[in-house]
Amino acid sequence: MKLFIDTAIVDEIREVNDMGVICGVTTNPSLIAKSGRKFEDVVKEITTIVDGPISAEVTAKDPDEMVEQAKPLAALHKNIIIKIPFNKEGLIACKKMTALGIKTNVTLIFSAAQALLAAKAGATYVSPFLGRLDDIGTDGMNLIEEIVDVFDADPAIETEIIAASVRNPIHVIQAARLGCDIATVPYKVIMQMLNHPLTVNGIAQFDKDWATVPKD
């Protein structure tokens with residue numbers, strides 16, 4: 001399973017990219033707003049850091065307006081993926097963008113039926129939001145499992161599944177075990193994945209023992 005980072009904070013992207021563990025980035029209007037920077041400037045800078053898919057979301061509501069908004073974004077760099085919210089208008093826009101050769105990520109997926117419709121509309125990626133389902137008392141990982149099963153049963157589907165709204169390292173590992181193609185992970189969760197108390201204690205013990213070794 002591939003890992004993307006879910007953020008619009010360039011310093012976070014650069015730090016994690018230097019670790020060699022990510023191969024893509026997802027953003028959304030909320031993340032861009034938190035960055036406090038101009039949308040196009042953020043996206044352009046990200047393309048200079050990560051050589052992989054970078055999702056940038058359109059905000060228009062009309063399908064044709066979505067397409068027109070997507071064109072200049074897609075022209076910024078070959079790695080730009082246009083993120084589209086799932087609804088009827090989004091599916092129409094997805095079909096139009098696919099016909100134009102623009103890659104898409106249909107987001108805010110909360111059922112396998114929605115994921116299937118997005119795939120049939122030509123989506124390059126679908127993003128089921130597992131954490132938001134957990135937040136309302138539903139097991140979001142069941143959604144990932146259902147979508148994987150549906151897509152695996154249809155050889156014609158080439159759409160990749162991005163586990164989104166990831167809340168913790170357990171989500172990442174469970175998604176990987178289910179055969180999900182990608183997990184897009186917040187910076188905080190990647191940092192949590194780095195750390196284990198036994199690793200920290202082990203390194204400290206090695207350092208302590210090494211200090212007792214004669215150096216002459």
# chains A, B, ... in the order shown; residues from 1 in each chain; ligands from 1
>>> select_by_dssp(residues="region 71-178 of chain A", states="helix (DSSP H, G or I)", output="PyMOL selection string")
chain A and resi 71-76+88-99+112-120+130-135+140-152+169-177
>>> select_by_dssp(residues="region 3-73 of chain A", states="strand (DSSP E)", output="list of chain:residue names")
A:Leu3, A:Phe4, A:Ile5, A:Asp6, A:Val25, A:Thr26, A:Ile54, A:Ser55, A:Ala56, A:Glu57
>>> write_last_selection(atoms="C-alpha atoms", output="CSV table (one decimal), in the first residue's frame")
chain,number,residue,atom,x,y,z
A,3,LEU,CA,1.2,6.4,1.5
A,4,PHE,CA,0.3,10.0,0.8
A,5,ILE,CA,0.4,12.8,3.3
A,6,ASP,CA,-2.9,14.7,3.9
A,25,VAL,CA,-0.1,14.5,-1.3
A,26,THR,CA,-3.8,15.2,-0.8
A,54,ILE,CA,-1.1,15.8,-5.7
A,55,SER,CA,-4.8,16.2,-5.2
A,56,ALA,CA,-6.2,19.8,-5.5
A,57,GLU,CA,-10.0,20.2,-5.0
>>> atom_distance(atom1="CA of Thr107 (chain A)", atom2="CA of Lys83 (chain A)")
6.6 Å
>>> atom_distance(atom1="CA of Ala163 (chain A)", atom2="CA of Phe129 (chain A)")
6.6 Å
>>> residues_around(residues="Ile49 (chain A)", least_positions_apart="5", cutoff="9 Å", atoms="only C-alpha atoms", output="MDAnalysis selection string")
chainID A and resid 10 13:14 17
>>> write_last_selection(atoms="all heavy atoms", output="PDB file, in the first residue's frame")
ATOM      1  N   VAL A  10       3.519  23.072   3.814  1.00  0.00           N
ATOM      2  CA  VAL A  10       4.658  22.686   2.990  1.00  0.00           C
ATOM      3  C   VAL A  10       5.804  22.130   3.827  1.00  0.00           C
ATOM      4  O   VAL A  10       6.468  21.168   3.420  1.00  0.00           O
ATOM      5  CB  VAL A  10       5.125  23.893   2.138  1.00  0.00           C
ATOM      6  CG1 VAL A  10       6.445  23.586   1.453  1.00  0.00           C
ATOM      7  CG2 VAL A  10       4.061  24.249   1.110  1.00  0.00           C
ATOM      8  N   ILE A  13       5.165  18.535   4.535  1.00  0.00           N
ATOM      9  CA  ILE A  13       5.358  17.723   3.329  1.00  0.00           C
ATOM     10  C   ILE A  13       6.834  17.496   3.074  1.00  0.00           C
ATOM     11  O   ILE A  13       7.273  16.366   2.802  1.00  0.00           O
ATOM     12  CB  ILE A  13       4.693  18.402   2.118  1.00  0.00           C
ATOM     13  CG1 ILE A  13       3.165  18.458   2.310  1.00  0.00           C
ATOM     14  CG2 ILE A  13       5.046  17.667   0.826  1.00  0.00           C
ATOM     15  CD1 ILE A  13       2.456  19.333   1.304  1.00  0.00           C
ATOM     16  N   ARG A  14       7.615  18.558   3.186  1.00  0.00           N
ATOM     17  CA  ARG A  14       9.056  18.438   2.934  1.00  0.00           C
ATOM     18  C   ARG A  14       9.718  17.502   3.941  1.00  0.00           C
ATOM     19  O   ARG A  14      10.534  16.647   3.566  1.00  0.00           O
ATOM     20  CB  ARG A  14       9.702  19.823   2.988  1.00  0.00           C
ATOM     21  CG  ARG A  14      11.177  19.822   2.611  1.00  0.00           C
ATOM     22  CD  ARG A  14      11.755  21.216   2.567  1.00  0.00           C
ATOM     23  NE  ARG A  14      11.306  21.956   1.398  1.00  0.00           N
ATOM     24  CZ  ARG A  14      10.423  22.954   1.423  1.00  0.00           C
ATOM     25  NH1 ARG A  14       9.888  23.332   2.572  1.00  0.00           N
ATOM     26  NH2 ARG A  14      10.077  23.575   0.315  1.00  0.00           N
ATOM     27  N   ASN A  17       8.584  13.882   3.191  1.00  0.00           N
ATOM     28  CA  ASN A  17       9.138  13.442   1.914  1.00  0.00           C
ATOM     29  C   ASN A  17      10.612  13.093   2.054  1.00  0.00           C
ATOM     30  O   ASN A  17      11.095  12.133   1.444  1.00  0.00           O
ATOM     31  CB  ASN A  17       8.943  14.534   0.862  1.00  0.00           C
ATOM     32  CG  ASN A  17       9.398  14.101  -0.521  1.00  0.00           C
ATOM     33  OD1 ASN A  17       8.813  13.220  -1.129  1.00  0.00           O
ATOM     34  ND2 ASN A  17      10.461  14.716  -1.020  1.00  0.00           N
TER      35      ASN A  17
END
>>> closest_residue(among="A:Thr159, A:Asn87, A:Ser165, A:Thr138", to="Asn28 (chain A)", atoms="only C-alpha atoms")
A:Ser165
>>> residues_around(residues="Ala99 (chain A)", least_positions_apart="3", cutoff="12 Å", atoms="only C-alpha atoms", output="list of chain:residue names")
A:Val67, A:Ile92, A:Ala93, A:Cys94, A:Lys95, A:Lys96, A:Ile102, A:Lys103, A:Thr104, A:Ala121, A:Gly122, A:Ala123
>>> write_last_selection(atoms="N, CA, C and O atoms", output="PDB file, in the first residue's frame")
ATOM      1  N   VAL A  67     -15.286  21.787 -14.345  1.00  0.00           N
ATOM      2  CA  VAL A  67     -14.326  21.471 -15.413  1.00  0.00           C
ATOM      3  C   VAL A  67     -13.476  22.687 -15.737  1.00  0.00           C
ATOM      4  O   VAL A  67     -12.244  22.577 -15.884  1.00  0.00           O
ATOM      5  N   ILE A  92     -20.880  13.984 -13.125  1.00  0.00           N
ATOM      6  CA  ILE A  92     -20.912  14.550 -14.482  1.00  0.00           C
ATOM      7  C   ILE A  92     -19.575  15.209 -14.805  1.00  0.00           C
ATOM      8  O   ILE A  92     -19.002  15.006 -15.892  1.00  0.00           O
ATOM      9  N   ALA A  93     -19.061  15.972 -13.840  1.00  0.00           N
ATOM     10  CA  ALA A  93     -17.771  16.631 -14.039  1.00  0.00           C
ATOM     11  C   ALA A  93     -16.650  15.606 -14.179  1.00  0.00           C
ATOM     12  O   ALA A  93     -15.734  15.775 -15.000  1.00  0.00           O
ATOM     13  N   CYS A  94     -16.720  14.535 -13.393  1.00  0.00           N
ATOM     14  CA  CYS A  94     -15.704  13.477 -13.462  1.00  0.00           C
ATOM     15  C   CYS A  94     -15.660  12.871 -14.858  1.00  0.00           C
ATOM     16  O   CYS A  94     -14.587  12.677 -15.434  1.00  0.00           O
ATOM     17  N   LYS A  95     -16.828  12.570 -15.419  1.00  0.00           N
ATOM     18  CA  LYS A  95     -16.891  12.002 -16.764  1.00  0.00           C
ATOM     19  C   LYS A  95     -16.288  12.960 -17.790  1.00  0.00           C
ATOM     20  O   LYS A  95     -15.506  12.556 -18.663  1.00  0.00           O
ATOM     21  N   LYS A  96     -16.625  14.250 -17.668  1.00  0.00           N
ATOM     22  CA  LYS A  96     -16.110  15.250 -18.605  1.00  0.00           C
ATOM     23  C   LYS A  96     -14.594  15.391 -18.479  1.00  0.00           C
ATOM     24  O   LYS A  96     -13.870  15.476 -19.488  1.00  0.00           O
ATOM     25  N   ILE A 102      -7.975  14.502 -17.838  1.00  0.00           N
ATOM     26  CA  ILE A 102      -7.667  15.043 -16.521  1.00  0.00           C
ATOM     27  C   ILE A 102      -7.941  13.968 -15.468  1.00  0.00           C
ATOM     28  O   ILE A 102      -9.041  13.419 -15.396  1.00  0.00           O
ATOM     29  N   LYS A 103      -6.954  13.670 -14.655  1.00  0.00           N
ATOM     30  CA  LYS A 103      -7.112  12.653 -13.615  1.00  0.00           C
ATOM     31  C   LYS A 103      -7.907  13.217 -12.438  1.00  0.00           C
ATOM     32  O   LYS A 103      -7.782  14.384 -12.098  1.00  0.00           O
ATOM     33  N   THR A 104      -8.718  12.347 -11.827  1.00  0.00           N
ATOM     34  CA  THR A 104      -9.638  12.801 -10.790  1.00  0.00           C
ATOM     35  C   THR A 104      -9.579  11.945  -9.530  1.00  0.00           C
ATOM     36  O   THR A 104      -9.244  10.761  -9.579  1.00  0.00           O
ATOM     37  N   ALA A 121     -17.815   6.351 -13.510  1.00  0.00           N
ATOM     38  CA  ALA A 121     -17.740   7.672 -14.139  1.00  0.00           C
ATOM     39  C   ALA A 121     -16.322   8.007 -14.592  1.00  0.00           C
ATOM     40  O   ALA A 121     -16.114   9.053 -15.207  1.00  0.00           O
ATOM     41  N   GLY A 122     -15.373   7.122 -14.258  1.00  0.00           N
ATOM     42  CA  GLY A 122     -14.004   7.315 -14.743  1.00  0.00           C
ATOM     43  C   GLY A 122     -13.013   7.833 -13.726  1.00  0.00           C
ATOM     44  O   GLY A 122     -11.897   8.223 -14.088  1.00  0.00           O
ATOM     45  N   ALA A 123     -13.385   7.851 -12.448  1.00  0.00           N
ATOM     46  CA  ALA A 123     -12.484   8.372 -11.421  1.00  0.00           C
ATOM     47  C   ALA A 123     -11.157   7.624 -11.409  1.00  0.00           C
ATOM     48  O   ALA A 123     -11.127   6.390 -11.469  1.00  0.00           O
TER      49      ALA A 123
END
>>> closest_atom_pairs(of="region 139-176 of chain A", to="region 131-135 of chain A", cutoff="9 Å", atoms="only C-alpha atoms", output="JSON lines")
{"residue": "A:Asp139", "atom": "CA", "partner": "A:Asp134", "partner_atom": "CA", "distance": 5.3}
{"residue": "A:Gly140", "atom": "CA", "partner": "A:Leu133", "partner_atom": "CA", "distance": 5.0}
{"residue": "A:Met141", "atom": "CA", "partner": "A:Asp134", "partner_atom": "CA", "distance": 8.4}
{"residue": "A:Leu143", "atom": "CA", "partner": "A:Leu133", "partner_atom": "CA", "distance": 8.9}
{"residue": "A:Ala164", "atom": "CA", "partner": "A:Gly131", "partner_atom": "CA", "distance": 7.4}
{"residue": "A:Ser165", "atom": "CA", "partner": "A:Gly131", "partner_atom": "CA", "distance": 4.8}
{"residue": "A:Val166", "atom": "CA", "partner": "A:Gly131", "partner_atom": "CA", "distance": 5.5}
{"residue": "A:Arg167", "atom": "CA", "partner": "A:Gly131", "partner_atom": "CA", "distance": 5.8}
{"residue": "A:Asn168", "atom": "CA", "partner": "A:Gly131", "partner_atom": "CA", "distance": 9.0}
{"residue": "A:His171", "atom": "CA", "partner": "A:Gly131", "partner_atom": "CA", "distance": 8.3}
>>> write_last_selection(atoms="C-alpha atoms", output="short mmCIF file (atom, residue, chain, number, x, y, z; two decimals), in the first residue's frame")
data_model
loop_
_atom_site.label_atom_id
_atom_site.label_comp_id
_atom_site.auth_asym_id
_atom_site.auth_seq_id
_atom_site.Cartn_x
_atom_site.Cartn_y
_atom_site.Cartn_z
CA ASP A 139 -16.94 1.02 11.63
CA GLY A 140 -15.29 2.88 8.76
CA MET A 141 -12.98 -0.02 8.02
CA LEU A 143 -16.41 0.48 4.09
CA ALA A 164 -8.95 8.99 3.82
CA SER A 165 -9.94 10.65 7.09
CA VAL A 166 -7.31 8.50 8.80
CA ARG A 167 -7.27 9.06 12.56
CA ASN A 168 -4.48 6.82 13.86
CA HIS A 171 -6.35 2.74 10.54
#
>>> closest_residue(among="A:Gly101, A:Ile81, A:Ala75, A:Glu146", to="Ala113 (chain A)", atoms="only C-alpha atoms")
A:Glu146
>>> atom_distance(atom1="CA of Phe39 (chain A)", atom2="CA of Val21 (chain A)")
24.9 Å
>>> residues_around(residues="Ile9 (chain A)", least_positions_apart="3", cutoff="9 Å", atoms="only C-alpha atoms", output="PyMOL selection string")
chain A and resi 12-14+31-32+34-35+42
>>> write_last_selection(atoms="N, CA and C atoms", output="PDB file, in the first residue's frame")
ATOM      1  N   GLU A  12       5.642  20.415   6.538  1.00  0.00           N
ATOM      2  CA  GLU A  12       5.321  19.037   6.895  1.00  0.00           C
ATOM      3  C   GLU A  12       5.573  18.108   5.716  1.00  0.00           C
ATOM      4  N   ILE A  13       5.165  18.535   4.535  1.00  0.00           N
ATOM      5  CA  ILE A  13       5.358  17.723   3.329  1.00  0.00           C
ATOM      6  C   ILE A  13       6.834  17.496   3.074  1.00  0.00           C
ATOM      7  N   ARG A  14       7.615  18.558   3.186  1.00  0.00           N
ATOM      8  CA  ARG A  14       9.056  18.438   2.934  1.00  0.00           C
ATOM      9  C   ARG A  14       9.718  17.502   3.941  1.00  0.00           C
ATOM     10  N   LEU A  31      -7.828  22.331   4.420  1.00  0.00           N
ATOM     11  CA  LEU A  31      -6.391  22.289   4.677  1.00  0.00           C
ATOM     12  C   LEU A  31      -5.688  23.502   4.084  1.00  0.00           C
ATOM     13  N   ILE A  32      -6.121  23.915   2.887  1.00  0.00           N
ATOM     14  CA  ILE A  32      -5.536  25.105   2.266  1.00  0.00           C
ATOM     15  C   ILE A  32      -5.820  26.331   3.131  1.00  0.00           C
ATOM     16  N   LYS A  34      -6.230  26.472   6.316  1.00  0.00           N
ATOM     17  CA  LYS A  34      -5.373  26.421   7.503  1.00  0.00           C
ATOM     18  C   LYS A  34      -3.954  26.861   7.186  1.00  0.00           C
ATOM     19  N   SER A  35      -3.512  26.675   5.954  1.00  0.00           N
ATOM     20  CA  SER A  35      -2.146  27.063   5.585  1.00  0.00           C
ATOM     21  C   SER A  35      -1.982  28.577   5.536  1.00  0.00           C
ATOM     22  N   VAL A  42       0.459  27.361  -3.001  1.00  0.00           N
ATOM     23  CA  VAL A  42       0.700  26.143  -2.216  1.00  0.00           C
ATOM     24  C   VAL A  42       0.881  24.943  -3.137  1.00  0.00           C
TER      25      VAL A  42
END
>>> closest_residue(among="A:Tyr187, A:Ile144, A:Lys61, A:Thr27", to="Asp11 (chain A)", atoms="only C-alpha atoms")
A:Tyr187
>>> closest_residue(among="A:Gly179, A:Gln114, A:Pro169, A:Pro214", to="Gln192 (chain A)", atoms="only C-alpha atoms")
A:Pro169
>>> residues_around(residues="Ile162 (chain A)", least_positions_apart="6", cutoff="8 Å", atoms="only C-alpha atoms", output="PyMOL selection string")
chain A and resi 125-128+180-184
>>> write_last_selection(atoms="N, CA and C atoms", output="PDB file, in the first residue's frame")
ATOM      1  N   TYR A 125      -9.133   7.938  -8.787  1.00  0.00           N
ATOM      2  CA  TYR A 125      -9.096   7.535  -7.379  1.00  0.00           C
ATOM      3  C   TYR A 125     -10.464   7.780  -6.750  1.00  0.00           C
ATOM      4  N   VAL A 126     -10.798   7.000  -5.733  1.00  0.00           N
ATOM      5  CA  VAL A 126     -11.921   7.317  -4.854  1.00  0.00           C
ATOM      6  C   VAL A 126     -11.387   7.409  -3.433  1.00  0.00           C
ATOM      7  N   SER A 127     -11.960   8.326  -2.655  1.00  0.00           N
ATOM      8  CA  SER A 127     -11.493   8.539  -1.283  1.00  0.00           C
ATOM      9  C   SER A 127     -12.617   8.297  -0.276  1.00  0.00           C
ATOM     10  N   PRO A 128     -12.748   7.067   0.227  1.00  0.00           N
ATOM     11  CA  PRO A 128     -13.693   6.807   1.316  1.00  0.00           C
ATOM     12  C   PRO A 128     -13.168   7.378   2.631  1.00  0.00           C
ATOM     13  N   CYS A 180      -6.099  -2.128   0.534  1.00  0.00           N
ATOM     14  CA  CYS A 180      -6.343  -0.778   0.022  1.00  0.00           C
ATOM     15  C   CYS A 180      -5.104  -0.310  -0.753  1.00  0.00           C
ATOM     16  N   ASP A 181      -5.315   0.437  -1.820  1.00  0.00           N
ATOM     17  CA  ASP A 181      -4.197   0.862  -2.656  1.00  0.00           C
ATOM     18  C   ASP A 181      -3.330   1.924  -1.979  1.00  0.00           C
ATOM     19  N   ILE A 182      -3.981   2.859  -1.291  1.00  0.00           N
ATOM     20  CA  ILE A 182      -3.306   4.034  -0.744  1.00  0.00           C
ATOM     21  C   ILE A 182      -3.980   4.415   0.568  1.00  0.00           C
ATOM     22  N   ALA A 183      -3.207   4.964   1.491  1.00  0.00           N
ATOM     23  CA  ALA A 183      -3.777   5.668   2.650  1.00  0.00           C
ATOM     24  C   ALA A 183      -3.191   7.073   2.646  1.00  0.00           C
ATOM     25  N   THR A 184      -4.043   8.069   2.777  1.00  0.00           N
ATOM     26  CA  THR A 184      -3.551   9.441   2.896  1.00  0.00           C
ATOM     27  C   THR A 184      -3.617   9.821   4.362  1.00  0.00           C
TER      28      THR A 184
END
>>> residues_around(residues="Asp62 (chain A)", least_positions_apart="3", cutoff="10 Å", atoms="only C-alpha atoms", output="PyMOL selection string")
chain A and resi 59+65-68+88-90+92-93
>>> write_last_selection(atoms="N, CA and C atoms", output="mmCIF file, in the first residue's frame")
data_model
loop_
_atom_site.group_PDB
_atom_site.id
_atom_site.type_symbol
_atom_site.label_atom_id
_atom_site.label_comp_id
_atom_site.auth_asym_id
_atom_site.auth_seq_id
_atom_site.Cartn_x
_atom_site.Cartn_y
_atom_site.Cartn_z
ATOM 1 N N THR A 59 -13.963 23.865 -6.178
ATOM 2 C CA THR A 59 -15.001 24.325 -5.250
ATOM 3 C C THR A 59 -16.295 24.725 -5.957
ATOM 4 N N GLU A 65 -18.670 24.325 -14.604
ATOM 5 C CA GLU A 65 -17.802 25.239 -13.864
ATOM 6 C C GLU A 65 -16.677 24.462 -13.167
ATOM 7 N N MET A 66 -16.982 23.251 -12.694
ATOM 8 C CA MET A 66 -15.943 22.402 -12.115
ATOM 9 C C MET A 66 -14.859 22.114 -13.138
ATOM 10 N N VAL A 67 -15.286 21.787 -14.345
ATOM 11 C CA VAL A 67 -14.326 21.471 -15.413
ATOM 12 C C VAL A 67 -13.476 22.687 -15.737
ATOM 13 N N GLU A 68 -14.099 23.839 -15.842
ATOM 14 C CA GLU A 68 -13.348 25.055 -16.168
ATOM 15 C C GLU A 68 -12.377 25.423 -15.050
ATOM 16 N N LYS A 88 -24.174 14.138 -7.793
ATOM 17 C CA LYS A 88 -24.521 13.986 -9.208
ATOM 18 C C LYS A 88 -23.695 14.918 -10.077
ATOM 19 N N GLU A 89 -23.566 16.166 -9.644
ATOM 20 C CA GLU A 89 -22.799 17.136 -10.421
ATOM 21 C C GLU A 89 -21.326 16.726 -10.507
ATOM 22 N N GLY A 90 -20.819 16.176 -9.392
ATOM 23 C CA GLY A 90 -19.434 15.728 -9.393
ATOM 24 C C GLY A 90 -19.185 14.576 -10.358
ATOM 25 N N ILE A 92 -20.880 13.984 -13.125
ATOM 26 C CA ILE A 92 -20.912 14.550 -14.482
ATOM 27 C C ILE A 92 -19.575 15.209 -14.805
ATOM 28 N N ALA A 93 -19.061 15.972 -13.840
ATOM 29 C CA ALA A 93 -17.771 16.631 -14.039
ATOM 30 C C ALA A 93 -16.650 15.606 -14.179
#
